[in-house]
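Dropping start-v3.cif in here (mmCIF, C-alpha atoms):
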```cif
data_structure
#
loop_
_atom_site.label_atom_id
_atom_site.label_comp_id
_atom_site.auth_asym_id
_atom_site.auth_seq_id
_atom_site.Cartn_x
_atom_site.Cartn_y
_atom_site.Cartn_z
CA MET A 1 -25.08 -6.16 -14.42
CA VAL A 2 -26.11 -8.76 -16.99
CA ARG A 3 -29.87 -9.17 -17.24
CA LYS A 4 -32.05 -11.16 -19.60
CA ASN A 5 -32.99 -8.10 -21.64
CA VAL A 6 -29.32 -7.19 -22.12
CA GLY A 7 -28.34 -10.52 -23.64
CA ALA A 8 -25.53 -12.49 -22.02
CA GLU A 9 -24.63 -14.14 -25.33
CA ARG A 10 -24.03 -10.81 -27.02
CA LEU A 11 -21.80 -9.63 -24.21
CA HIS A 12 -19.85 -12.87 -24.27
CA ARG A 13 -19.48 -12.66 -28.04
CA ASP A 14 -18.38 -9.02 -28.22
CA TRP A 15 -15.97 -8.87 -25.30
CA ASP A 16 -12.84 -10.77 -24.25
CA ILE A 17 -12.87 -9.64 -20.61
CA ILE A 18 -15.89 -8.49 -18.61
CA VAL A 19 -15.69 -7.19 -15.04
CA ALA A 20 -18.98 -6.80 -13.17
CA HIS A 21 -19.55 -5.58 -9.64
CA GLY A 22 -22.75 -6.60 -7.86
CA LEU A 23 -23.04 -3.54 -5.62
CA GLY A 24 -26.57 -4.39 -4.51
CA VAL A 25 -25.47 -7.14 -2.13
CA ASP A 26 -23.09 -4.83 -0.31
CA HIS A 27 -25.68 -2.05 -0.17
CA CYS A 28 -28.37 -4.34 1.27
CA GLY A 29 -25.91 -5.72 3.80
CA HIS A 30 -25.02 -2.27 5.08
CA ARG A 31 -28.63 -1.11 5.24
CA PHE A 32 -30.50 -4.18 6.44
CA GLY A 33 -27.91 -6.69 7.67
CA PRO A 34 -27.21 -10.23 6.43
CA ASP A 35 -30.42 -11.79 7.82
CA HIS A 36 -32.93 -9.43 6.22
CA LEU A 37 -35.33 -10.50 3.46
CA ALA A 38 -33.93 -7.81 1.13
CA ILE A 39 -30.49 -9.38 1.00
CA SER A 40 -32.00 -12.82 0.31
CA GLN A 41 -33.86 -11.33 -2.64
CA LYS A 42 -30.70 -9.65 -3.88
CA LEU A 43 -28.74 -12.90 -3.62
CA ASP A 44 -31.45 -14.68 -5.60
CA GLN A 45 -31.12 -12.00 -8.27
CA MET A 46 -27.35 -12.52 -8.35
CA ASN A 47 -27.82 -16.27 -8.67
CA ARG A 48 -30.10 -15.77 -11.68
CA THR A 49 -27.55 -13.42 -13.22
CA ILE A 50 -24.74 -15.94 -12.76
CA GLU A 51 -26.96 -18.61 -14.27
CA LEU A 52 -27.47 -16.48 -17.38
CA ILE A 53 -23.73 -15.97 -17.71
CA VAL A 54 -22.99 -19.69 -17.32
CA GLN A 55 -25.58 -20.54 -19.97
CA ALA A 56 -23.99 -18.04 -22.35
CA ILE A 57 -20.55 -19.52 -21.69
CA ASN A 58 -21.77 -23.06 -22.33
CA ARG A 59 -23.32 -22.08 -25.65
CA SER A 60 -20.10 -20.49 -26.85
CA HIS A 61 -17.08 -22.06 -28.49
CA LYS A 62 -14.72 -19.61 -26.80
CA ARG A 63 -12.67 -21.01 -23.93
CA THR A 64 -13.92 -18.98 -21.01
CA ALA A 65 -13.42 -18.96 -17.27
CA LEU A 66 -15.84 -17.28 -14.87
CA PHE A 67 -14.59 -16.07 -11.49
CA VAL A 68 -17.23 -15.25 -8.88
CA PHE A 69 -15.94 -13.96 -5.56
CA GLY A 70 -16.57 -11.43 -2.85
CA ASP A 71 -14.07 -8.78 -1.90
CA HIS A 72 -15.11 -9.07 1.76
CA GLY A 73 -17.72 -10.59 4.04
CA MET A 74 -19.93 -8.91 6.63
CA GLU A 75 -20.58 -9.23 10.33
CA THR A 76 -23.96 -9.63 11.98
CA LYS A 77 -24.85 -5.94 11.53
CA GLY A 78 -23.86 -5.90 7.86
CA ASP A 79 -20.66 -3.93 8.33
CA HIS A 80 -17.10 -4.85 7.45
CA GLY A 81 -13.60 -3.44 7.82
CA GLY A 82 -12.46 -5.39 10.86
CA ASP A 83 -10.42 -8.56 11.07
CA GLY A 84 -13.14 -10.96 12.19
CA PRO A 85 -13.66 -14.19 10.21
CA HIS A 86 -17.11 -13.12 9.01
CA GLU A 87 -15.61 -9.90 7.63
CA VAL A 88 -12.44 -11.18 5.96
CA ASP A 89 -13.77 -14.48 4.59
CA ALA A 90 -15.59 -14.57 1.26
CA ALA A 91 -16.49 -17.21 -1.29
CA LEU A 92 -14.56 -17.98 -4.47
CA TRP A 93 -16.15 -19.97 -7.27
CA VAL A 94 -14.54 -20.62 -10.66
CA TYR A 95 -16.27 -22.17 -13.67
CA SER A 96 -14.99 -22.95 -17.17
CA ASN A 97 -16.55 -24.37 -20.31
CA ALA A 98 -13.22 -25.91 -21.36
CA TYR A 99 -11.46 -29.04 -20.19
CA TRP A 100 -9.63 -27.97 -17.09
CA ARG A 101 -7.97 -30.82 -15.29
CA SER A 102 -8.28 -34.55 -14.85
CA SER A 103 -8.54 -36.49 -11.63
CA GLU A 104 -4.84 -37.32 -11.94
CA SER A 105 -3.85 -33.65 -12.17
CA SER A 106 -6.05 -32.86 -9.17
CA GLU A 107 -4.21 -35.52 -7.21
CA ARG A 108 -0.89 -33.96 -8.23
CA VAL A 109 -2.00 -30.55 -6.93
CA ALA A 110 -3.10 -32.15 -3.67
CA ARG A 111 0.34 -33.70 -3.28
CA VAL A 112 2.03 -30.35 -3.97
CA LEU A 113 -0.06 -28.69 -1.27
CA GLU A 114 0.64 -31.58 1.11
CA VAL A 115 4.39 -31.26 0.59
CA THR A 116 4.14 -27.49 0.97
CA GLU A 117 2.30 -27.92 4.27
CA ALA A 118 4.95 -30.33 5.57
CA ASP A 119 7.82 -28.08 4.48
CA LEU A 120 6.23 -25.05 6.14
CA ASP A 121 6.14 -27.00 9.40
CA ASN A 122 9.87 -27.62 9.07
CA VAL A 123 10.84 -24.03 8.34
CA SER A 124 13.30 -23.04 11.08
CA SER A 125 14.17 -19.51 9.94
CA GLY A 126 11.84 -17.85 12.42
CA ALA A 127 9.58 -16.84 9.56
CA HIS A 128 5.96 -15.98 10.19
CA VAL A 129 3.39 -18.01 8.27
CA ASP A 130 -0.23 -17.06 8.83
CA SER A 131 -2.64 -19.92 9.48
CA ASN A 132 -4.95 -18.84 6.67
CA LEU A 133 -2.13 -19.49 4.21
CA ARG A 134 -1.98 -23.14 5.20
CA ASN A 135 -5.53 -24.43 5.49
CA GLY A 136 -6.66 -24.36 1.89
CA CYS A 137 -7.75 -20.72 1.88
CA VAL A 138 -6.94 -18.49 -1.07
CA PRO A 139 -5.70 -15.00 -0.17
CA GLN A 140 -7.28 -12.39 -2.41
CA ILE A 141 -3.90 -11.25 -3.67
CA ASP A 142 -3.49 -14.71 -5.25
CA LEU A 143 -6.11 -13.72 -7.81
CA VAL A 144 -3.73 -11.14 -9.31
CA PRO A 145 -0.93 -13.49 -10.45
CA THR A 146 -3.48 -16.17 -11.32
CA LEU A 147 -5.41 -13.95 -13.72
CA SER A 148 -2.22 -12.36 -15.07
CA LEU A 149 -0.58 -15.67 -15.92
CA ALA A 150 -3.80 -17.13 -17.29
CA LEU A 151 -4.11 -14.16 -19.67
CA GLY A 152 -0.45 -14.34 -20.67
CA LEU A 153 0.42 -11.07 -18.90
CA HIS A 154 3.26 -10.14 -16.60
CA VAL A 155 2.53 -10.38 -12.89
CA PRO A 156 2.43 -6.84 -11.41
CA PHE A 157 5.80 -5.94 -9.96
CA ASN A 158 4.76 -5.36 -6.33
CA ASN A 159 2.30 -8.21 -6.03
CA LEU A 160 3.12 -10.82 -3.37
CA GLY A 161 0.41 -13.35 -4.16
CA ALA A 162 0.98 -16.88 -5.44
CA ALA A 163 -0.73 -18.44 -8.45
CA ILE A 164 -3.67 -20.62 -7.42
CA PRO A 165 -2.33 -24.14 -8.10
CA GLU A 166 -5.68 -25.71 -9.08
CA PHE A 167 -5.99 -23.28 -11.97
CA PHE A 168 -2.77 -24.49 -13.59
CA ALA A 169 -3.15 -28.18 -12.82
CA GLY A 170 -4.11 -29.21 -16.32
CA ASP A 171 -2.39 -32.08 -18.08
CA ASP A 172 -1.12 -29.83 -20.87
CA VAL A 173 2.46 -28.66 -20.63
CA GLY A 174 3.89 -25.18 -20.58
CA PRO A 175 6.89 -23.72 -22.43
CA ASP A 176 9.78 -26.08 -23.09
CA ALA A 177 7.55 -29.10 -22.41
CA GLU A 178 7.39 -28.63 -18.64
CA TRP A 179 4.50 -29.01 -16.26
CA LYS A 180 2.24 -25.98 -16.56
CA LEU A 181 1.91 -25.49 -12.81
CA LEU A 182 5.68 -25.57 -12.33
CA ALA A 183 6.21 -23.04 -15.13
CA ALA A 184 3.60 -20.68 -13.67
CA VAL A 185 4.80 -20.78 -10.09
CA ARG A 186 8.45 -20.35 -11.13
CA VAL A 187 7.66 -17.16 -13.06
CA ASN A 188 5.60 -15.97 -10.10
CA THR A 189 8.43 -16.66 -7.65
CA ALA A 190 11.04 -14.92 -9.81
CA GLN A 191 8.83 -11.82 -9.88
CA THR A 192 8.54 -11.84 -6.07
CA MET A 193 12.29 -12.28 -5.56
CA ARG A 194 13.02 -9.46 -8.00
CA TYR A 195 10.66 -7.21 -6.06
CA LEU A 196 12.34 -8.03 -2.76
CA GLU A 197 15.86 -7.44 -4.09
CA THR A 198 14.86 -4.16 -5.74
CA TYR A 199 13.05 -3.01 -2.61
CA MET A 200 16.09 -3.72 -0.43
CA LYS A 201 18.45 -1.93 -2.84
CA SER A 202 16.22 1.14 -3.13
CA THR A 203 15.86 1.87 0.57
CA LYS A 204 18.14 1.25 3.53
CA SER A 205 15.22 1.41 5.95
CA HIS A 206 13.42 -1.62 4.54
CA GLY A 207 13.17 -3.20 7.99
CA PHE A 208 13.97 -6.76 6.87
CA SER A 209 16.10 -8.66 9.34
CA ASP A 210 19.31 -10.23 8.10
CA LYS A 211 18.01 -13.63 9.20
CA ALA A 212 14.85 -13.29 7.12
CA VAL A 213 16.73 -12.06 4.04
CA LEU A 214 19.21 -14.93 4.24
CA ALA A 215 16.35 -17.41 4.62
CA TRP A 216 14.54 -16.00 1.57
CA ARG A 217 17.63 -16.13 -0.60
CA ASP A 218 18.49 -19.62 0.58
CA MET A 219 15.01 -20.98 -0.12
CA TYR A 220 14.92 -19.38 -3.56
CA ALA A 221 18.41 -20.63 -4.44
CA ARG A 222 17.57 -24.19 -3.37
CA ALA A 223 14.37 -24.14 -5.41
CA GLU A 224 16.23 -22.87 -8.48
CA THR A 225 18.93 -25.52 -8.03
CA SER A 226 16.29 -28.26 -7.86
CA TYR A 227 14.58 -26.84 -10.95
CA HIS A 228 17.78 -26.91 -13.02
CA GLU A 229 18.49 -30.46 -11.84
CA LEU A 230 15.01 -31.43 -13.04
CA ARG A 231 15.58 -29.75 -16.40
CA ALA A 232 18.88 -31.56 -16.79
CA LEU A 233 17.20 -34.88 -16.00
CA THR A 234 14.43 -34.40 -18.55
CA ALA A 235 16.86 -33.07 -21.17
CA HIS A 236 19.07 -36.16 -21.05
CA SER A 237 16.09 -38.50 -21.03
CA GLY A 238 13.74 -37.66 -23.83
CA GLY A 239 10.88 -39.78 -22.52
CA ALA A 240 11.52 -39.11 -18.86
CA ARG A 241 8.64 -36.68 -18.45
CA GLY A 242 5.55 -38.58 -17.39
CA GLN A 243 7.45 -41.14 -15.41
CA PRO A 244 6.46 -41.38 -11.72
CA GLU A 245 9.85 -40.33 -10.36
CA VAL A 246 10.01 -37.29 -12.65
CA MET A 247 6.45 -36.25 -11.79
CA GLN A 248 7.30 -36.54 -8.11
CA PHE A 249 10.38 -34.38 -8.69
CA GLU A 250 8.21 -31.76 -10.44
CA GLU A 251 5.82 -31.72 -7.53
CA SER A 252 8.68 -31.32 -5.06
CA VAL A 253 10.17 -28.38 -6.94
CA ALA A 254 6.77 -26.69 -7.22
CA ALA A 255 6.29 -27.14 -3.47
CA GLN A 256 9.67 -25.47 -2.82
CA TYR A 257 8.54 -22.41 -4.77
CA TYR A 258 5.24 -22.28 -2.88
CA VAL A 259 7.03 -22.54 0.46
CA PHE A 260 9.16 -19.54 -0.51
CA MET A 261 6.08 -17.53 -1.53
CA ARG A 262 4.17 -18.32 1.67
CA VAL A 263 7.10 -17.62 3.97
CA VAL A 264 7.74 -14.26 2.28
CA LEU A 265 4.09 -13.27 2.43
CA GLY A 266 3.73 -14.35 6.06
CA THR A 267 6.83 -12.43 7.11
CA LEU A 268 5.81 -9.24 5.29
CA ARG A 269 2.31 -9.45 6.68
CA GLN A 270 3.79 -9.63 10.15
CA MET A 271 5.81 -6.50 9.41
CA TRP A 272 3.45 -4.40 7.31
CA ALA A 273 -0.09 -5.46 8.20
CA GLN A 274 0.06 -5.43 11.99
CA PHE A 275 -1.02 -2.64 14.32
CA ASP A 276 0.81 -1.88 17.57
CA ALA A 277 -1.79 -0.68 20.07
CA VAL A 278 0.88 0.79 22.38
CA LEU A 279 2.38 2.92 19.63
CA ILE A 280 -1.06 4.01 18.44
CA VAL A 281 -1.99 5.18 21.94
CA ALA A 282 1.39 6.89 22.32
CA GLY A 283 0.87 8.73 19.05
CA LEU A 284 -2.58 9.87 20.12
CA LEU A 285 -1.19 11.13 23.44
CA VAL A 286 1.55 13.09 21.67
CA LEU A 287 -1.03 14.57 19.31
CA ALA A 288 -3.25 15.52 22.24
CA ALA A 289 -0.29 17.09 24.06
CA LEU A 290 0.63 19.17 21.02
CA LEU A 291 -2.96 20.30 20.63
CA ALA A 292 -3.12 21.26 24.30
CA ALA A 293 0.13 23.20 23.96
CA LEU A 294 -1.22 25.05 20.94
CA VAL A 295 -4.40 25.95 22.79
CA ALA A 296 -2.34 27.13 25.76
CA VAL A 297 -0.24 29.37 23.52
CA VAL A 298 -3.33 30.89 21.89
CA VAL A 299 -5.01 31.47 25.27
CA ALA A 300 -1.80 32.91 26.71
CA ARG A 301 -1.49 35.32 23.80
CA ALA A 302 -5.12 36.37 24.22
CA TRP A 303 -4.52 37.05 27.90
CA ARG A 304 -1.33 38.94 27.13
CA THR A 305 -3.10 41.09 24.57
CA SER A 306 -6.28 41.85 26.49
CA VAL A 307 -5.09 41.90 30.11
CA GLY A 308 -1.56 43.07 29.48
CA GLY A 309 0.14 40.47 31.62
CA GLY A 310 -0.50 37.30 33.54
CA VAL A 311 1.79 34.44 34.35
CA ALA A 312 0.78 32.28 31.39
CA GLY A 313 1.04 35.16 28.94
CA ALA A 314 4.39 36.24 30.27
CA VAL A 315 5.85 32.72 30.13
CA ALA A 316 4.56 32.15 26.61
CA ALA A 317 5.81 35.50 25.37
CA ARG A 318 9.19 34.99 27.03
CA SER A 319 9.67 31.51 25.58
CA LEU A 320 8.42 32.11 22.07
CA GLY A 321 9.77 35.64 21.59
CA LEU A 322 9.41 36.94 18.09
CA LEU A 323 7.40 33.89 16.98
CA LEU A 324 4.46 35.33 18.92
CA SER A 325 4.53 38.59 16.99
CA ARG A 326 1.36 39.24 15.06
CA ASN A 327 3.01 39.49 11.65
CA ALA A 328 5.15 36.37 12.09
CA VAL A 329 2.20 34.22 13.14
CA THR A 330 -0.02 35.61 10.40
CA HIS A 331 2.53 35.09 7.64
CA ALA A 332 3.49 31.64 8.93
CA LEU A 333 -0.13 30.51 8.98
CA GLN A 334 -0.62 31.78 5.43
CA HIS A 335 2.41 29.86 4.18
CA GLN A 336 1.40 26.85 6.25
CA ALA A 337 -2.04 26.72 4.63
CA LEU A 338 -0.55 26.95 1.13
CA ALA A 339 2.19 24.40 1.83
CA ALA A 340 -0.26 22.00 3.46
CA ALA A 341 -2.65 22.24 0.49
CA LEU A 342 0.13 21.59 -2.03
CA THR A 343 1.48 18.71 0.05
CA ALA A 344 -1.96 17.12 0.26
CA VAL A 345 -2.40 17.36 -3.52
CA VAL A 346 1.03 15.87 -4.24
CA HIS A 347 0.48 13.09 -1.70
CA GLY A 348 -2.91 12.29 -3.23
CA LEU A 349 -1.36 12.03 -6.68
CA ALA A 350 1.39 9.81 -5.30
CA VAL A 351 -1.14 7.41 -3.79
CA SER A 352 -2.76 6.97 -7.21
CA SER A 353 0.57 5.86 -8.66
CA ASN A 354 1.46 2.18 -8.92
CA SER A 355 4.94 2.93 -7.61
CA PHE A 356 3.75 4.66 -4.45
CA MET A 357 3.86 1.47 -2.38
CA PHE A 358 7.34 0.80 -3.71
CA ARG A 359 8.61 4.32 -2.88
CA LYS A 360 6.23 5.28 -0.08
CA ASP A 361 8.91 5.78 2.56
CA SER A 362 10.90 8.11 0.32
CA VAL A 363 7.79 9.97 -0.86
CA VAL A 364 6.43 10.60 2.62
CA LEU A 365 9.86 11.62 3.95
CA TYR A 366 10.40 14.00 1.03
CA LEU A 367 6.99 15.62 1.48
CA ALA A 368 7.50 15.98 5.24
CA GLN A 369 10.93 17.54 4.77
CA THR A 370 9.61 19.88 2.08
CA LEU A 371 6.73 21.00 4.26
CA ALA A 372 9.01 21.54 7.27
CA LEU A 373 11.49 23.54 5.16
CA ALA A 374 8.72 25.67 3.68
CA LEU A 375 7.32 26.45 7.12
CA ALA A 376 10.78 27.21 8.53
CA LEU A 377 11.53 29.62 5.69
CA ALA A 378 8.15 31.27 6.15
CA VAL A 379 8.76 31.78 9.87
CA VAL A 380 12.29 33.14 9.30
CA LYS A 381 11.03 35.51 6.62
CA SER A 382 8.22 36.71 8.85
CA MET A 383 10.60 37.21 11.79
CA ARG A 384 13.00 39.25 9.65
CA ALA A 385 10.13 41.37 8.37
CA SER A 386 8.95 41.98 11.92
CA MET A 387 12.45 42.90 13.11
CA THR A 388 12.88 45.29 10.18
CA GLU A 389 9.64 47.05 11.06
CA GLN A 390 10.75 47.37 14.68
CA GLN A 391 14.13 48.80 13.64
CA ARG A 392 12.47 51.34 11.39
CA ALA A 393 10.18 52.38 14.18
CA GLY A 394 13.18 52.78 16.49
CA ALA A 395 15.08 54.81 13.90
CA VAL A 396 12.18 57.19 13.42
CA CYS A 397 11.92 57.67 17.19
CA GLY A 398 15.66 58.28 17.43
CA CYS A 399 15.57 60.97 14.76
CA SER A 400 12.66 62.82 16.34
CA CYS A 401 14.32 62.77 19.74
CA ALA A 402 17.70 63.98 18.37
CA GLN A 403 16.34 67.19 16.72
CA PRO A 404 16.05 69.36 19.93
CA HIS A 405 19.63 68.51 20.93
CA THR A 406 20.83 69.54 17.49
CA VAL A 407 19.10 72.90 17.76
CA ILE A 408 20.58 73.59 21.20
CA PHE A 409 24.06 72.58 20.00
CA ASN A 410 23.82 74.92 17.00
CA SER A 411 22.64 77.79 19.22
CA MET A 412 25.59 77.32 21.57
CA GLN A 413 27.96 77.46 18.60
CA ALA A 414 26.42 80.78 17.56
CA VAL A 415 26.80 82.26 21.04
CA VAL A 416 30.45 81.24 21.26
CA ALA A 417 31.10 82.78 17.86
CA ARG A 418 29.69 86.17 19.03
CA ARG A 419 31.74 86.34 22.23
CA PRO A 420 34.69 88.78 22.05
CA ARG A 421 38.18 87.35 22.03
CA VAL A 422 40.47 88.22 24.97
CA ASN A 423 43.48 88.97 22.81
CA ASP A 424 41.52 91.53 20.87
#
```
Show the structure stored in the file as structure tokens.
Amino acid sequence: MVRKNVGAERLHRDWDIIVAHGLGVDHCGHRFGPDHLAISQKLDQMNRTIELIVQAINRSHKRTALFVFGDHGMETKGDHGGDGPHEVDAALWVYSNAYWRSSESSERVARVLEVTEADLDNVSSGAHVDSNLRNGCVPQIDLVPTLSLALGLHVPFNNLGAAIPEFFAGDDVGPDAEWKLLAAVRVNTAQTMRYLETYMKSTKSHGFSDKAVLAWRDMYARAETSYHELRALTAHSGGARGQPEVMQFEESVAAQYYVFMRVVLGTLRQMWAQFDAVLIVAGLLVLAALLAALVAVVVARAWRTSVGGGVAGAVAARSLGLLLSRNAVTHALQHQALAAALTAVVHGLAVSSNSFMFRKDSVVLYLAQTLALALALAVVKSMRASMTEQQRAGAVCGCSCAQPHTVIFNSMQAVVARRPRVND
């Protein structure tokens, strides 16, 4: 954290990007709660730190933007992780030492958001649009495309956020002499549409309804058509840009892109970020039933081994057969431990990959199938080994029991050979 003895000016001079995490606020919240004196003192310390950074930015000639935000809030006990407003809401404050936007550009952004709000009310595709996407709030995922585009970087492939419009509302123009906000949101929208199309092509179990997919493609196609009509208008009229009707057209096209982004995000949130309490309870019941069955099998085997019988032991032994043999269970558990450890390691490495979210269904299915196959092979191998041992034991018993009969048969042959023949 930047302190006076560190020198905010030196940090600002030597670095292009600085990321700082004020962990003390979170720590004090967890330990003391939001109303304790300790967290007030920590917030005062953070305020002084931000003040030092702002002073360093103002004394510099480098165009710099400062983003100050929280990754989460906290409830009355200082905890977080739920979906309450005090836990999911956090502040966002942005400061820059460079000319950002004029009052006219701010009014243009307000009109874009107003048109977006009206268009979202008229969406009839059955799409889900969360309320916090429509009341001026900024979803945290919007920071990703905003920072990426501001730094001249590509928006991450699987990001579904939309560029914060106020950040690109300046009067300067983007590539090809077009409004900077329109250029930014169009690149952002193209990235989202490419992600959706690639996701649907890569997996058949994407879960998107045909109605939602058609609505997404239709909204994106209409926005692109309007954009090309705008480009044709400005191309044929050299001084058209800056005229009221052209500016209104730009705002309308930008709103169409934002409507697409918000409808997509709302629909995917409804699909991916919701929890079905009924299915969760059903899963817990199935898990409990399997655990109870496993305990019953272990207890039944213990009874069968120690007592030599019993109804539970007999039923378990009859139903499971060779799987209850000591060698099969021992070998299967050994292979299960090894396979489970390897699967956990591979799954952990997959989670750390950027493409895990894109391929998560295939990765999890592959790991589950691999683990099931490994366990099945281990059980079959153990069963065959157990059967081979039993056959060998039976063969040895058969040989030992056959020896007396062989001796008697040989003796009878000797007696018959010594008997005199009648013809002689």
Write out as a ChimeraX atom specification which residues come within 12 Å of His206 in chain A when counting all atoms listed in the file, dropping same-chain ones fewer than 2 positions away. /A:196-204,208-210,213,268,271-272,358-362
Which residues are close to Met261 in chain A, i.e. within 7 Å by all atoms listed in the file, leaving aside same-chain residues fewer than 3 positions away? Reply as a PyMOL selection string. chain A and resi 162+189+257-258+264-265
With distances taken over only C-alpha atoms, which of A:Arg217, A:Arg108, A:His30, A:Arg222 is nearest to Trp179 in chain A?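 Closest candidate: A:Arg108.
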In terms of the shortest atom-to-atom distance over all atoms listed in the file, which of A:Thr146, A:Asn58, A:Asn47, A:Gln243 is closest to Val185 in chain A?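 Closest to Val185 in chain A, using all atoms listed in the file: A:Thr146.
Counting from CA of Tyr220 in chain A, the distance to CA of Arg262 in chain A is 12.0 Å.
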Output of the PyMOL selection byres ((chain A and resi 66) around 12), listed as a ChimeraX atom specification: /A:12,16-20,50-58,63-65,67-69,92-98,147,167
